[in-house]
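A.B. asks: Can you keep this structure in mind? I'll have questions shortly.
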Amino acid sequence: MAIAVNRHGIVLLEYRQIPESELASDTYRPLLITFMVIRHEQNFLLVHHRQRQTWEMPGGHIEAGESTRDCAIRELFEETGQKVEPLDFRAVLKYRDESKNRFYYGTLYSSELLSPVPFRENDEISQITFWDGKTNIGYIDEIDRTVIELIQDGII
């Protein structure tokens with residue numbers, strides 16, 4: 001059963017809170033993406049993706065030979081210019097891409113951003129915001145909104 005479905009036909013099927021070391025097992029293959037829930041003063045860092053025209057959590061595709069943690073750190077910096085420590089592993093997420101009829105996995109990390117640095121637009125991200133979880137800021141990816149709600153409710 002789906003937890004959330006976004007407008008691109010990606011379905012979040014489940015999340016599992018496991019030790020990060022278990023990501024090395026073949027159970028979570030293919031492991032393709034990683035995302036971060038980053039808070040600053042109780043607000044959530046969201047990026048506005050130019051191509052998809054959507055607000056979403058920072059994150060992206062894991063490069064060959066890259067750990068999920070290293071991917072999270074790299075993507076956060078590339079997309080927003082921000083750096084955080086520590087970065088906490090929260091869960092592994094299982095997805096289904098309806099258009100390609102395939103399953104894959106992703107990881108979820110979280111952290112607190114104490115001192116944001118000024119954002120500079122880039123080819124992928126047009127702006128960032130620190131969202132309070134309520135205010136209407138436009139289209140927020142349904143899966144990302146659901147994950148943030150699960151974090152807010154203390155479920156993940």
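Ligands are numbered from 1 in the order shown, residues from 1 within each chain, and chains are lettered A, B, ... in the order they appear in the structure tokens.
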Just the residues within 6 Å of segment 102-111 of chain A, please, counting only C-alpha atoms, with nothing from its chain fewer than 3 positions along; format it as a list of chain:residue names.

C.D. replies: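 Returned residues: A:Pro30, A:Leu31, A:Leu32, A:Ile33, A:Thr34, A:Phe35, A:Met36, A:Val37, A:Ile38, A:Leu87, A:Asp88, A:Phe89, A:Arg90, A:Ala91, A:Val92, A:Leu93, A:Lys94, A:Tyr95, A:Arg96, A:Asp97.
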
A.B. asks: Keeping N, CA and C atoms, export the residues of the selection given above as a compact mmCIF listing (two decimals), in the first residue's frame.

C.D. replies:
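Contents of part_22.txt, freshly written:
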# COMPACT_ATOMS: atom_id res chain seq x y z
N PRO A 30 18.17 -1.86 -6.03
CA PRO A 30 19.20 -0.84 -6.18
C PRO A 30 18.97 0.33 -5.22
N LEU A 31 20.05 0.80 -4.65
CA LEU A 31 20.04 1.95 -3.75
C LEU A 31 20.49 3.14 -4.59
N LEU A 32 19.54 4.02 -4.95
CA LEU A 32 19.81 5.03 -5.97
C LEU A 32 19.88 6.47 -5.50
N ILE A 33 19.15 6.82 -4.44
CA ILE A 33 19.01 8.23 -4.08
C ILE A 33 19.15 8.44 -2.57
N THR A 34 19.37 9.67 -2.20
CA THR A 34 19.39 10.03 -0.78
C THR A 34 18.78 11.42 -0.62
N PHE A 35 18.11 11.62 0.52
CA PHE A 35 17.46 12.89 0.83
C PHE A 35 17.77 13.30 2.25
N MET A 36 17.58 14.60 2.51
CA MET A 36 17.83 15.11 3.85
C MET A 36 16.68 15.98 4.33
N VAL A 37 16.32 15.79 5.58
CA VAL A 37 15.42 16.70 6.27
C VAL A 37 16.32 17.57 7.13
N ILE A 38 16.43 18.84 6.75
CA ILE A 38 17.31 19.78 7.43
C ILE A 38 16.44 20.83 8.10
N LEU A 87 25.26 14.59 10.73
CA LEU A 87 24.21 14.16 9.82
C LEU A 87 23.73 12.80 10.33
N ASP A 88 22.47 12.72 10.71
CA ASP A 88 21.92 11.51 11.32
C ASP A 88 21.18 10.66 10.29
N PHE A 89 21.50 9.37 10.25
CA PHE A 89 20.76 8.45 9.39
C PHE A 89 19.41 8.16 10.03
N ARG A 90 18.32 8.28 9.25
CA ARG A 90 16.98 8.10 9.78
C ARG A 90 16.30 6.82 9.29
N ALA A 91 16.40 6.53 7.97
CA ALA A 91 15.64 5.40 7.44
C ALA A 91 16.07 5.08 6.02
N VAL A 92 15.70 3.89 5.60
CA VAL A 92 15.78 3.52 4.19
C VAL A 92 14.34 3.55 3.67
N LEU A 93 14.16 4.08 2.46
CA LEU A 93 12.85 4.25 1.87
C LEU A 93 12.73 3.38 0.63
N LYS A 94 11.58 2.75 0.45
CA LYS A 94 11.35 1.91 -0.73
C LYS A 94 10.36 2.63 -1.64
N TYR A 95 10.73 2.74 -2.93
CA TYR A 95 9.93 3.43 -3.93
C TYR A 95 9.55 2.50 -5.08
N ARG A 96 8.50 2.90 -5.77
CA ARG A 96 8.15 2.27 -7.06
C ARG A 96 7.95 3.41 -8.06
N ASP A 97 8.61 3.30 -9.20
CA ASP A 97 8.42 4.25 -10.29
C ASP A 97 7.38 3.65 -11.22

A.B. asks: At a cut-off of 12 Å, using only C-alpha atoms, what residues contact Gly138 of chain A? Leave out same-chain residues fewer than 3 positions from it and give the result as number ranges by chain.

C.D. replies: A: 46-48, 53-56, 129, 131, 134-135, 141-142, 145

A.B. asks: Using DSSP assignments from the backbone, pull out every residue in segment 10-150 of chain A that falls under strand (DSSP E or B) and give it to me as a CSV table (one decimal) with C-alpha atoms, in the first residue's frame.

C.D. replies:
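Saved to result.csv:
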chain,number,residue,atom,x,y,z
A,10,ILE,CA,6.8,7.9,-7.9
A,11,VAL,CA,5.3,5.9,-5.0
A,12,LEU,CA,6.7,5.8,-1.5
A,13,LEU,CA,5.9,2.3,-0.4
A,14,GLU,CA,7.6,2.0,3.0
A,15,TYR,CA,10.3,3.2,5.3
A,16,ARG,CA,12.5,1.1,7.6
A,31,LEU,CA,20.0,1.9,-3.7
A,32,LEU,CA,19.8,5.0,-6.0
A,33,ILE,CA,19.0,8.2,-4.1
A,34,THR,CA,19.4,10.0,-0.8
A,35,PHE,CA,17.5,12.9,0.8
A,36,MET,CA,17.8,15.1,3.9
A,37,VAL,CA,15.4,16.7,6.3
A,38,ILE,CA,17.3,19.8,7.4
A,39,ARG,CA,15.9,22.0,10.2
A,40,HIS,CA,16.7,25.6,11.1
A,43,ASN,CA,11.6,25.2,9.9
A,44,PHE,CA,12.5,22.8,7.1
A,45,LEU,CA,15.0,23.5,4.4
A,46,LEU,CA,13.4,23.1,0.9
A,47,VAL,CA,14.8,23.7,-2.5
A,48,HIS,CA,13.0,24.8,-5.6
A,49,HIS,CA,14.0,22.6,-8.5
A,54,THR,CA,8.6,21.9,-7.3
A,55,TRP,CA,9.7,22.5,-3.7
A,56,GLU,CA,11.4,19.4,-2.4
A,59,GLY,CA,19.0,15.3,-2.2
A,60,GLY,CA,19.8,13.4,-5.3
A,61,HIS,CA,21.3,10.4,-7.0
A,88,ASP,CA,21.9,11.5,11.3
A,89,PHE,CA,20.8,8.4,9.4
A,90,ARG,CA,17.0,8.1,9.8
A,91,ALA,CA,15.6,5.4,7.4
A,92,VAL,CA,15.8,3.5,4.2
A,93,LEU,CA,12.8,4.3,1.9
A,94,LYS,CA,11.3,1.9,-0.7
A,95,TYR,CA,9.9,3.4,-3.9
A,96,ARG,CA,8.2,2.3,-7.1
A,97,ASP,CA,8.4,4.2,-10.3
A,102,ARG,CA,10.6,-0.7,-11.2
A,103,PHE,CA,11.4,-0.7,-7.5
A,104,TYR,CA,14.3,1.1,-5.9
A,105,TYR,CA,15.6,2.3,-2.5
A,106,GLY,CA,16.7,5.6,-1.1
A,107,THR,CA,18.1,6.9,2.2
A,108,LEU,CA,16.9,9.6,4.5
A,109,TYR,CA,19.2,11.7,6.7
A,110,SER,CA,18.5,14.6,9.0
A,111,SER,CA,20.3,17.4,10.7
A,112,GLU,CA,20.0,20.8,12.3
A,125,ILE,CA,18.0,25.0,-7.8
A,126,SER,CA,16.4,28.5,-8.3
A,127,GLN,CA,15.9,29.2,-4.6
A,128,ILE,CA,15.7,27.8,-1.1
A,129,THR,CA,13.3,28.4,1.8
A,130,PHE,CA,12.9,27.5,5.4
A,131,TRP,CA,9.3,26.2,5.5
A,140,ILE,CA,5.7,20.7,-2.5

A.B. asks: So how many Å separate atom CA of Leu150 of chain A and atom CA of Glu78 of chain A, to one decimal?

C.D. replies: 25.8 Å

A.B. asks: Rounded to one decimal in Å, what is the spacing between atom CA of Phe77 of chain A and atom CA of Glu121 of chain A?

C.D. replies: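 Pair atom CA of Phe77 of chain A / atom CA of Glu121 of chain A returns 12.1 Å.
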
A.B. asks: Suppose you want the space between atom CA of Ser99 of chain A and atom CA of Thr68 of chain A; what is it in Å?

C.D. replies: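 According to the coordinates, atom CA of Ser99 of chain A and atom CA of Thr68 of chain A are separated by 24.8 Å.
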
A.B. asks: Could you check the closest approach to Gln152 of chain A for each of A:Asp123, A:Glu22, A:Glu75, A:Asp132 and tell me which residue wins, using only C-alpha atoms?

C.D. replies: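 The closest residue to Gln152 of chain A is A:Asp132.
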
A.B. asks: Please give the complete set of residues from chain A that DSSP, run on the backbone, assigns to helix (DSSP H, G or I), formatted as a ChimeraX atom specification.

C.D. replies: /A:20-24,26-28,68-80,142-152

A.B. asks: Keeping only C-alpha atoms, write the selected residues as a PDB file, in the first residue's frame.

C.D. replies:
ATOM      1  CA  GLU A  20      23.003   2.441   8.691  1.00  0.00           C
ATOM      2  CA  SER A  21      25.453  -0.468   8.433  1.00  0.00           C
ATOM      3  CA  GLU A  22      22.653  -2.663   7.022  1.00  0.00           C
ATOM      4  CA  LEU A  23      22.615  -0.562   3.844  1.00  0.00           C
ATOM      5  CA  ALA A  24      25.555  -2.661   2.660  1.00  0.00           C
ATOM      6  CA  ASP A  26      21.810  -6.744  -0.947  1.00  0.00           C
ATOM      7  CA  THR A  27      18.355  -6.303   0.586  1.00  0.00           C
ATOM      8  CA  TYR A  28      18.308  -2.611  -0.349  1.00  0.00           C
ATOM      9  CA  THR A  68      24.826   7.417   0.845  1.00  0.00           C
ATOM     10  CA  ARG A  69      26.193   9.666   3.592  1.00  0.00           C
ATOM     11  CA  ASP A  70      28.773  11.239   1.252  1.00  0.00           C
ATOM     12  CA  CYS A  71      26.034  11.726  -1.338  1.00  0.00           C
ATOM     13  CA  ALA A  72      23.846  13.519   1.211  1.00  0.00           C
ATOM     14  CA  ILE A  73      26.691  15.875   2.174  1.00  0.00           C
ATOM     15  CA  ARG A  74      27.601  16.530  -1.477  1.00  0.00           C
ATOM     16  CA  GLU A  75      24.025  17.106  -2.647  1.00  0.00           C
ATOM     17  CA  LEU A  76      23.221  19.453   0.227  1.00  0.00           C
ATOM     18  CA  PHE A  77      26.267  21.570  -0.576  1.00  0.00           C
ATOM     19  CA  GLU A  78      25.778  21.494  -4.370  1.00  0.00           C
ATOM     20  CA  GLU A  79      22.109  22.414  -4.159  1.00  0.00           C
ATOM     21  CA  THR A  80      22.147  24.916  -1.283  1.00  0.00           C
ATOM     22  CA  GLU A 142       3.832  14.921  -2.039  1.00  0.00           C
ATOM     23  CA  ILE A 143       6.414  12.374  -0.927  1.00  0.00           C
ATOM     24  CA  ASP A 144       8.652  15.043   0.583  1.00  0.00           C
ATOM     25  CA  ARG A 145       5.692  16.634   2.380  1.00  0.00           C
ATOM     26  CA  THR A 146       4.718  13.220   3.780  1.00  0.00           C
ATOM     27  CA  VAL A 147       8.265  12.468   4.959  1.00  0.00           C
ATOM     28  CA  ILE A 148       8.418  15.845   6.711  1.00  0.00           C
ATOM     29  CA  GLU A 149       5.083  15.086   8.417  1.00  0.00           C
ATOM     30  CA  LEU A 150       6.422  11.692   9.566  1.00  0.00           C
ATOM     31  CA  ILE A 151       9.470  13.455  11.027  1.00  0.00           C
ATOM     32  CA  GLN A 152       7.286  16.111  12.710  1.00  0.00           C
TER      33      GLN A 152
END
